[in-house]
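Shown here: my_file-v2.txt, compact mmCIF, C-alpha atoms.
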```txt
# COMPACT_ATOMS: atom_id res chain seq x y z
CA MET C 15 134.34 44.36 124.06
CA HIS C 16 134.41 40.57 123.79
CA PRO C 17 131.92 39.35 121.15
CA LEU C 18 130.78 36.19 122.97
CA ILE C 19 128.90 35.39 126.16
CA THR C 20 128.58 31.97 127.78
CA VAL C 21 125.36 30.35 128.93
CA ASP C 22 126.44 30.71 132.56
CA GLU C 23 127.24 34.40 132.15
CA LEU C 24 123.95 35.15 130.44
CA ALA C 25 121.91 33.14 132.95
CA ALA C 26 123.48 35.11 135.80
CA ARG C 27 122.91 38.47 134.14
CA LEU C 28 119.29 37.87 133.09
CA GLY C 29 118.17 38.25 136.68
CA GLU C 30 120.01 41.51 137.25
CA PRO C 31 118.38 44.94 137.07
CA GLY C 32 119.20 46.43 133.70
CA GLY C 33 120.17 43.00 132.37
CA PRO C 34 120.77 42.28 128.69
CA VAL C 35 118.27 42.70 125.90
CA VAL C 36 118.02 39.26 124.29
CA LEU C 37 117.24 38.74 120.61
CA ASP C 38 116.23 35.38 119.12
CA VAL C 39 117.39 35.34 115.49
CA ARG C 40 117.06 31.66 114.66
CA TRP C 41 117.12 31.27 110.89
CA SER C 42 117.88 28.76 108.17
CA LEU C 43 118.62 29.50 104.51
CA LEU C 44 116.23 26.78 103.31
CA GLY C 45 113.66 27.18 106.10
CA PRO C 46 111.43 26.63 107.95
CA PRO C 47 110.93 30.16 109.35
CA GLY C 48 112.70 30.79 112.65
CA ARG C 49 109.56 32.16 114.25
CA GLN C 50 108.18 28.62 114.43
CA ASP C 51 111.11 27.59 116.64
CA TYR C 52 110.65 30.73 118.73
CA GLU C 53 106.99 29.95 119.34
CA ARG C 54 107.84 26.43 120.51
CA GLY C 55 110.24 27.80 123.10
CA HIS C 56 112.79 30.57 123.65
CA LEU C 57 114.91 32.18 126.32
CA PRO C 58 112.95 34.11 128.96
CA GLY C 59 112.43 37.68 127.78
CA ALA C 60 113.85 37.06 124.31
CA VAL C 61 112.32 39.00 121.42
CA PHE C 62 112.17 37.36 118.01
CA VAL C 63 113.73 39.31 115.15
CA ASP C 64 113.31 37.98 111.63
CA LEU C 65 116.57 37.89 109.71
CA ASP C 66 114.99 37.85 106.26
CA THR C 67 112.59 40.75 106.75
CA GLU C 68 114.00 42.80 109.66
CA LEU C 69 117.77 42.34 109.53
CA ALA C 70 117.86 42.73 105.75
CA ALA C 71 116.21 44.81 103.05
CA PRO C 72 114.09 43.03 100.43
CA PRO C 73 116.05 41.00 97.85
CA GLY C 74 116.91 42.90 94.70
CA PRO C 75 119.83 44.42 92.79
CA GLY C 76 121.84 44.59 96.03
CA GLY C 77 121.64 40.84 96.58
CA ARG C 78 119.53 38.39 98.58
CA HIS C 79 120.09 40.05 101.99
CA PRO C 80 121.01 43.71 101.42
CA LEU C 81 121.64 45.85 104.48
CA PRO C 82 118.41 47.32 105.82
CA ALA C 83 117.80 51.04 105.58
CA ALA C 84 118.90 52.80 108.75
CA GLY C 85 115.39 54.01 109.53
CA GLU C 86 113.87 50.55 109.11
CA LEU C 87 116.53 48.94 111.29
CA GLN C 88 116.00 51.62 113.91
CA ARG C 89 112.28 50.86 113.97
CA VAL C 90 112.99 47.13 114.46
CA LEU C 91 115.52 47.66 117.24
CA ARG C 92 113.36 50.16 119.09
CA ARG C 93 110.43 47.72 118.97
CA ALA C 94 112.70 45.00 120.36
CA GLY C 95 113.66 47.14 123.35
CA VAL C 96 117.27 47.76 122.32
CA ARG C 97 118.96 50.54 124.28
CA SER C 98 122.45 51.94 123.95
CA ASP C 99 123.10 51.57 127.70
CA ARG C 100 122.25 47.86 127.89
CA THR C 101 124.11 44.85 126.55
CA VAL C 102 122.41 43.12 123.64
CA VAL C 103 122.74 39.34 123.33
CA ALA C 104 121.78 37.59 120.10
CA TYR C 105 121.36 33.85 119.74
CA ASP C 106 120.43 31.35 117.05
CA ALA C 107 120.03 27.59 117.16
CA ASN C 108 123.65 26.66 117.68
CA ASP C 109 126.47 27.69 115.33
CA GLY C 110 126.22 31.46 115.80
CA SER C 111 126.15 32.30 112.10
CA ALA C 112 122.73 33.99 112.08
CA ALA C 113 123.36 35.58 115.47
CA ALA C 114 126.60 36.97 114.09
CA ARG C 115 124.57 38.87 111.46
CA ALA C 116 122.61 40.55 114.27
CA TRP C 117 125.87 41.20 116.19
CA TRP C 118 127.48 42.81 113.17
CA LEU C 119 124.40 44.89 112.24
CA LEU C 120 124.08 46.26 115.75
CA ARG C 121 127.77 47.15 115.74
CA TRP C 122 127.35 48.74 112.29
CA ALA C 123 124.41 50.69 113.73
CA GLY C 124 126.60 52.12 116.50
CA HIS C 125 125.82 49.88 119.48
CA ARG C 126 128.99 49.28 121.45
CA ASP C 127 128.09 46.26 123.61
CA VAL C 128 126.75 43.32 121.61
CA ARG C 129 127.40 39.63 122.28
CA VAL C 130 126.54 36.29 120.68
CA LEU C 131 125.49 33.43 122.95
CA ASP C 132 128.14 30.75 122.61
CA GLY C 133 126.41 27.54 121.49
CA GLY C 134 123.06 29.29 121.02
CA TYR C 135 119.68 27.92 122.04
CA ASP C 136 120.89 24.33 121.98
CA ALA C 137 123.62 25.06 124.56
CA TRP C 138 121.12 26.91 126.75
CA VAL C 139 118.80 23.89 126.78
CA GLU C 140 121.64 21.39 127.22
CA GLN C 141 122.73 23.19 130.39
CA GLY C 142 119.23 22.95 131.85
CA GLU C 143 118.37 26.64 131.69
CA PRO C 144 114.69 27.59 131.51
CA VAL C 145 112.76 28.26 128.32
CA THR C 146 109.32 29.72 127.82
CA THR C 147 106.60 30.25 125.23
CA GLU C 148 105.57 33.56 126.76
CA VAL C 149 106.05 36.43 124.30
CA PRO C 150 107.38 39.57 126.00
CA GLU C 151 106.10 43.07 125.27
CA PRO C 152 109.19 45.28 125.56
CA THR C 153 108.80 49.02 126.00
CA GLU C 154 109.69 50.80 122.78
CA THR C 155 112.93 52.72 123.13
CA GLY C 156 114.56 55.75 121.55
CA PHE C 157 117.63 53.91 120.28
CA GLU C 158 119.24 55.82 117.42
CA VAL C 159 120.92 53.95 114.59
CA VAL C 160 124.15 55.59 113.48
CA PRO C 161 125.08 53.58 110.38
CA GLY C 162 128.63 53.01 109.24
CA SER C 163 130.31 52.08 112.51
CA MET C 164 131.58 48.88 110.84
CA PRO C 165 133.13 49.01 107.36
CA VAL C 166 131.35 47.84 104.23
CA VAL C 167 132.77 47.42 100.72
CA ASP C 168 131.08 47.25 97.34
CA GLU C 169 132.09 44.99 94.47
CA GLN C 170 135.01 47.26 93.49
CA GLY C 171 136.27 47.27 97.06
CA ALA C 172 135.95 43.49 97.27
CA ALA C 173 137.92 43.05 94.05
CA ARG C 174 140.60 45.42 95.33
CA LEU C 175 140.94 43.50 98.60
CA ALA C 176 141.28 40.26 96.63
CA ARG C 177 144.30 41.77 94.86
CA GLU C 178 145.87 43.96 97.54
CA GLY C 179 144.79 42.44 100.86
CA ARG C 180 142.83 39.35 101.82
CA LEU C 181 139.30 38.61 100.67
CA LEU C 182 137.79 35.66 102.52
CA ASP C 183 134.96 33.57 101.06
CA ALA C 184 132.95 32.09 103.95
CA ARG C 185 130.90 29.62 101.91
CA ALA C 186 131.19 25.84 101.84
CA PRO C 187 134.18 24.58 99.82
CA GLN C 188 132.04 23.02 97.08
CA ARG C 189 130.34 26.34 96.42
CA TYR C 190 133.68 28.17 96.45
CA ARG C 191 135.12 25.66 93.95
CA GLY C 192 132.08 26.10 91.70
CA GLU C 193 130.98 22.48 91.92
CA THR C 194 127.48 23.44 92.99
CA GLU C 195 125.41 26.60 93.38
CA PRO C 196 121.99 26.03 94.95
CA VAL C 197 120.70 29.62 95.11
CA ASP C 198 122.72 32.18 93.15
CA PRO C 199 122.92 32.87 89.38
CA ARG C 200 126.40 31.43 88.75
CA ALA C 201 128.87 29.10 90.42
CA GLY C 202 132.42 29.94 91.47
CA HIS C 203 134.12 32.64 93.53
CA ILE C 204 135.55 36.13 93.24
CA PRO C 205 139.01 35.83 91.64
CA GLY C 206 141.70 36.12 94.31
CA ALA C 207 139.41 35.22 97.22
CA VAL C 208 140.55 32.60 99.73
CA ASN C 209 138.08 30.03 101.08
CA VAL C 210 137.65 30.12 104.87
CA PRO C 211 134.32 28.33 105.51
CA PHE C 212 132.30 29.80 108.36
CA ALA C 213 131.22 26.33 109.50
CA HIS C 214 134.74 25.67 110.78
CA ASN C 215 134.59 28.54 113.28
CA VAL C 216 132.75 26.33 115.76
CA THR C 217 133.08 22.81 117.12
CA ALA C 218 130.77 19.94 116.19
CA GLY C 219 128.65 20.95 119.19
CA GLY C 220 128.28 24.55 118.01
CA ARG C 221 130.68 26.17 120.49
CA TRP C 222 133.10 28.75 119.15
CA LYS C 223 136.68 27.58 118.86
CA SER C 224 139.33 29.24 121.00
CA PRO C 225 140.99 32.49 119.90
CA ALA C 226 144.26 30.63 119.36
CA GLU C 227 142.63 28.00 117.13
CA LEU C 228 140.85 30.62 115.07
CA ALA C 229 143.94 32.83 114.80
CA GLU C 230 145.96 29.90 113.46
CA ARG C 231 143.26 29.14 110.91
CA PHE C 232 143.13 32.70 109.64
CA ARG C 233 146.92 33.04 109.60
CA ASP C 234 147.09 29.89 107.48
CA SER C 235 144.91 31.83 105.02
CA GLY C 236 147.31 34.76 104.97
CA VAL C 237 145.60 37.00 107.53
CA ASP C 238 147.47 38.78 110.31
CA ALA C 239 146.71 41.72 112.60
CA ASP C 240 147.96 44.19 109.98
CA SER C 241 146.06 42.74 107.02
CA ALA C 242 143.40 44.64 105.11
CA VAL C 243 140.63 42.04 105.17
CA GLY C 244 137.20 41.72 103.59
CA VAL C 245 134.70 38.90 103.93
CA TYR C 246 131.81 37.70 101.80
CA CYS C 247 129.54 34.66 101.56
CA GLY C 248 126.39 33.90 99.59
CA SER C 249 124.35 36.92 100.64
CA GLY C 250 126.16 38.67 103.49
CA VAL C 251 124.78 36.62 106.40
CA THR C 252 127.23 33.85 107.25
CA ALA C 253 130.18 36.07 106.34
CA CYS C 254 129.43 37.77 109.65
CA SER C 255 130.49 34.56 111.39
CA ASN C 256 133.99 35.11 110.00
CA LEU C 257 133.91 38.75 111.03
CA LEU C 258 133.07 37.73 114.59
CA ALA C 259 135.69 34.97 114.51
CA LEU C 260 138.35 37.45 113.38
CA GLU C 261 137.52 39.68 116.34
CA HIS C 262 137.38 36.73 118.75
CA ALA C 263 140.82 35.71 117.46
CA GLY C 264 142.29 39.17 118.03
CA LEU C 265 142.91 39.77 114.33
CA SER C 266 140.27 42.46 113.97
CA GLY C 267 139.00 45.19 116.26
CA PRO C 268 138.17 48.90 116.54
CA ASP C 269 141.51 49.95 115.04
CA ASN C 270 141.49 47.53 112.09
CA PRO C 271 138.01 46.08 111.56
CA ALA C 272 137.52 43.69 108.67
CA ALA C 273 134.99 44.77 106.06
CA LEU C 274 131.82 43.07 104.86
CA TYR C 275 130.96 42.84 101.18
CA SER C 276 127.28 42.95 101.99
CA GLY C 277 125.97 41.95 98.56
CA SER C 278 128.38 39.02 98.51
CA TRP C 279 128.18 36.33 95.84
CA SER C 280 124.45 36.91 95.26
CA HIS C 281 125.34 40.42 94.07
CA TRP C 282 128.64 39.65 92.33
CA SER C 283 127.31 36.69 90.34
CA ALA C 284 124.25 38.58 89.10
CA ASP C 285 126.38 40.56 86.63
CA PRO C 286 127.69 38.28 83.85
CA GLU C 287 130.46 40.80 83.12
CA ARG C 288 132.10 40.14 86.49
CA PRO C 289 134.64 37.30 86.36
CA ALA C 290 134.20 34.08 88.31
CA ALA C 291 137.00 31.70 89.27
CA THR C 292 136.46 27.98 89.85
CA GLY C 293 138.51 25.25 91.45
CA PRO C 294 140.36 25.16 94.77
CA GLU C 295 142.83 28.00 94.04
CA PRO C 296 142.07 31.72 94.45
CA GLY C 297 142.49 32.29 90.72
```

Would you mind writing the file's structure down as C-alpha cells?
Amino acid sequence: MHPLITVDELAARLGEPGGPVVLDVRWSLLGPPGRQDYERGHLPGAVFVDLDTELAAPPGPGGRHPLPAAGELQRVLRRAGVRSDRTVVAYDANDGSAAARAWWLLRWAGHRDVRVLDGGYDAWVEQGEPVTTEVPEPTETGFEVVPGSMPVVDEQGAARLAREGRLLDARAPQRYRGETEPVDPRAGHIPGAVNVPFAHNVTAGGRWKSPAELAERFRDSGVDADSAVGVYCGSGVTACSNLLALEHAGLSGPDNPAALYSGSWSHWSADPERPAATGPEPG
C-alpha cells in the first residue's frame, strides 16, 4: 500500500461513504503544543492526537518518546475512530515527519492501510481546501492493536546493524557530527551509523521527493533492496520519516521492512558506557 496521499486524493475521498479517518498530529520538538494549531483550524473531521502523550509513553529509561503500551495506544486509536476497514490519513504542518510517526505506529499496531498527507496542512490550505474549527465526536470503535507488525531493535540490535548492515541516523548533520546537542545527554552518533537527515526527504515546500530521488539518496548511503537497515534519530520520531521514505522509494516493504531503534539517541546516549563517535565519518 502506498504510504502517501495527495491533497486532491484526500479531498475527493473525504466526501465518500466510509471515507478515511483523518488524524491531526501537528507537533514540534520545541513547541508550542500542536493542539493550539488544531484549535485554530484543521481539516474537516480530523481528530487531534498528541504525539508526546498519546503516540509515545512517558519519557524515562527507554528514551524521550518510547513506544506506547499496546493497551494505551489501542485506547487512543479507538477514541479517534480508527477502524481496520477504513483508510487512516495522518497529517502534520508540512514536512511529514510527525505524521510519519503516526503512520509507522499504526502499521506497527497492525493497521494495513495508513497514509501520510503529502505536504500536510500547509499544502491543504495552499490548494484552497476547506478548514474548520469544529471538533468532531467520532464513535468509539473496537479497533484491536496487534503490536509488532513493524520491526523494532534495541541498542544491541542497532549496534549490530551498524556493523553488519546499514544503520541510518536521521538527525541534522551538526548533531550527527557531535557539534551540538540541544536535548540529549551527550553529543555524537552511534559508531558505524551513516547520516541521512530526514529533512532532505522533502522539498523546500514540504512535498515528498520522488521515489527515484529518494532511492538514489539512500543508495548513495549504501542501502539497496537487499540491505538489512535500521533507523534512529533523537527520540524515535523523525526516524519514521526515513522509514516512510525507504518504503516510498521501494527499498523497504512487507518482505524487508527497515527497523526502528525506538529509543534512538536519547536512549543510547544516556548510558556513558556506550561509545559515541563524532565527526562526519561513521566511526

Notebook entry, point to check: Got a sec: who's within 6 Å of segment 91-94 of chain C, counting all atoms listed in the file, leaving out chain neighbours fewer than 6 positions off, as a VMD selection string?
Noted result: chain C and resid 154 to 155 157

Using only C-alpha atoms, what does the table of segment 220-262 of chain C residues within 12 Å of segment 56-70 of chain C look like, with each row giving the shortest atom pair and its distance in Å to one decimal, sorted by chain and ascending number, as JSON lines?
```
{"residue": "C:Ser249", "atom": "CA", "partner": "C:Ala70", "partner_atom": "CA", "distance": 10.1}
{"residue": "C:Gly250", "atom": "CA", "partner": "C:Ala70", "partner_atom": "CA", "distance": 9.5}
{"residue": "C:Val251", "atom": "CA", "partner": "C:Leu65", "partner_atom": "CA", "distance": 8.9}
{"residue": "C:Thr252", "atom": "CA", "partner": "C:Leu65", "partner_atom": "CA", "distance": 11.7}
```

Between C:Ser266, C:Gln50, C:Ser235, C:Ser241, which is the closest to Pro211 of chain C once you count all atoms listed in the file?
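Smallest distance to Pro211 of chain C is found for C:Ser235.
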
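Distances here use all atoms listed in the file; by that measure, the residue among C:Val210, C:Leu274, C:Ile19, C:Ala172 closest to Leu131 of chain C is C:Ile19.
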
Task: C:Pro296, C:Pro161, C:Pro150, C:Gly179 ranked by distance to Glu53 of chain C, top pick (using all atoms listed in the file) - done: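 Checking each candidate against Glu53 of chain C, we get C:Pro150 as the closest.
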
From the list C:Thr101, C:Thr153, C:Asn108, C:Gln188, which residue is nearest Tyr135 of chain C when using all atoms listed in the file?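 Checking each candidate against Tyr135 of chain C, we get C:Asn108 as the closest.
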
Using all atoms listed in the file, the residue out of C:Glu261, C:Arg221, C:Trp279, C:Pro286 with shortest distance to Asp136 of chain C is C:Arg221

Which one is closest to Gly192 of chain C: C:Val96, C:Ala112, C:Leu43, C:Ala290? Count only C-alpha atoms.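 So, comparing all the options, the nearest one is C:Ala290.
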
Here atom CA of Val102 of chain C and atom CA of Gly244 of chain C stand apart by 25.0 Å

Skip Ala272 of chain C itself and residues of its chain fewer than 4 positions away, then list as a JSON list (two decimals) with C-alpha atoms, in the frame of the given file all residues within 9 Å of it, counting all atoms listed in the file.
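So the final result, stored in result.json, reads:
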```json
[["chain", "number", "residue", "atom", "x", "y", "z"],
["C", 164, "MET", "CA", 131.58, 48.88, 110.84],
["C", 165, "PRO", "CA", 133.13, 49.01, 107.36],
["C", 166, "VAL", "CA", 131.35, 47.84, 104.23],
["C", 241, "SER", "CA", 146.06, 42.74, 107.02],
["C", 242, "ALA", "CA", 143.40, 44.64, 105.11],
["C", 243, "VAL", "CA", 140.63, 42.04, 105.17],
["C", 244, "GLY", "CA", 137.20, 41.72, 103.59],
["C", 245, "VAL", "CA", 134.70, 38.90, 103.93],
["C", 257, "LEU", "CA", 133.91, 38.75, 111.03],
["C", 260, "LEU", "CA", 138.35, 37.45, 113.38],
["C", 261, "GLU", "CA", 137.52, 39.68, 116.34],
["C", 265, "LEU", "CA", 142.91, 39.77, 114.33],
["C", 266, "SER", "CA", 140.27, 42.46, 113.97],
["C", 267, "GLY", "CA", 139.00, 45.19, 116.26]]
```

When you look at Gly74 of chain C with a cut-off of 10 Å (counting only C-alpha atoms), what residues show up, excluding the ones that are within fewer than 4 positions of it in the same chain? I need them as an mmCIF file with C-alpha atoms, in the coordinates of the input.
```
data_model
loop_
_atom_site.group_PDB
_atom_site.id
_atom_site.type_symbol
_atom_site.label_atom_id
_atom_site.label_comp_id
_atom_site.auth_asym_id
_atom_site.auth_seq_id
_atom_site.Cartn_x
_atom_site.Cartn_y
_atom_site.Cartn_z
ATOM 1 C CA ARG C 78 119.530 38.390 98.580
ATOM 2 C CA HIS C 79 120.090 40.050 101.990
ATOM 3 C CA PRO C 80 121.010 43.710 101.420
ATOM 4 C CA GLY C 277 125.970 41.950 98.560
ATOM 5 C CA SER C 280 124.450 36.910 95.260
ATOM 6 C CA HIS C 281 125.340 40.420 94.070
#
```

Could you give me, as a compact mmCIF listing (two decimals) with C-alpha atoms, in the coordinates of the input, the residues within 10 Å of Tyr190 of chain C, counting only C-alpha atoms and dropping anything in the same chain fewer than 4 positions from it?
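Full text of result.txt as output:
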```txt
# COMPACT_ATOMS: atom_id res chain seq x y z
CA ASP C 183 134.96 33.57 101.06
CA ALA C 184 132.95 32.09 103.95
CA ARG C 185 130.90 29.62 101.91
CA ALA C 186 131.19 25.84 101.84
CA THR C 194 127.48 23.44 92.99
CA GLU C 195 125.41 26.60 93.38
CA ALA C 201 128.87 29.10 90.42
CA GLY C 202 132.42 29.94 91.47
CA HIS C 203 134.12 32.64 93.53
CA ILE C 204 135.55 36.13 93.24
CA ALA C 207 139.41 35.22 97.22
CA VAL C 208 140.55 32.60 99.73
CA ASN C 209 138.08 30.03 101.08
CA VAL C 210 137.65 30.12 104.87
CA PRO C 211 134.32 28.33 105.51
CA CYS C 247 129.54 34.66 101.56
CA GLY C 248 126.39 33.90 99.59
CA TRP C 279 128.18 36.33 95.84
CA ALA C 291 137.00 31.70 89.27
CA THR C 292 136.46 27.98 89.85
CA GLY C 293 138.51 25.25 91.45
CA PRO C 294 140.36 25.16 94.77
CA GLU C 295 142.83 28.00 94.04
CA PRO C 296 142.07 31.72 94.45
```

**Test item: residues at most 7 Å from Val103 of chain C, all atoms listed in the file, excluding those fewer than 3 positions along its chain, as JSON, numbers by chain** = {"C": [34, 35, 36, 37, 128, 129, 130, 131]}

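From atom CA of His125 of chain C back to atom CA of Ser98 of chain C, the distance works out to 6.0 Å.
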
The distance between atom CA of Gly77 of chain C and atom CA of Pro47 of chain C is 19.8 Å

Notebook entry, point to check: Using all atoms listed in the file, what residues lie at most 9 Å away from (119.0, 52.9, 108.2) (file coordinates), given as a ChimeraX atom specification?
Noted result: /C:81-88,123,159-161
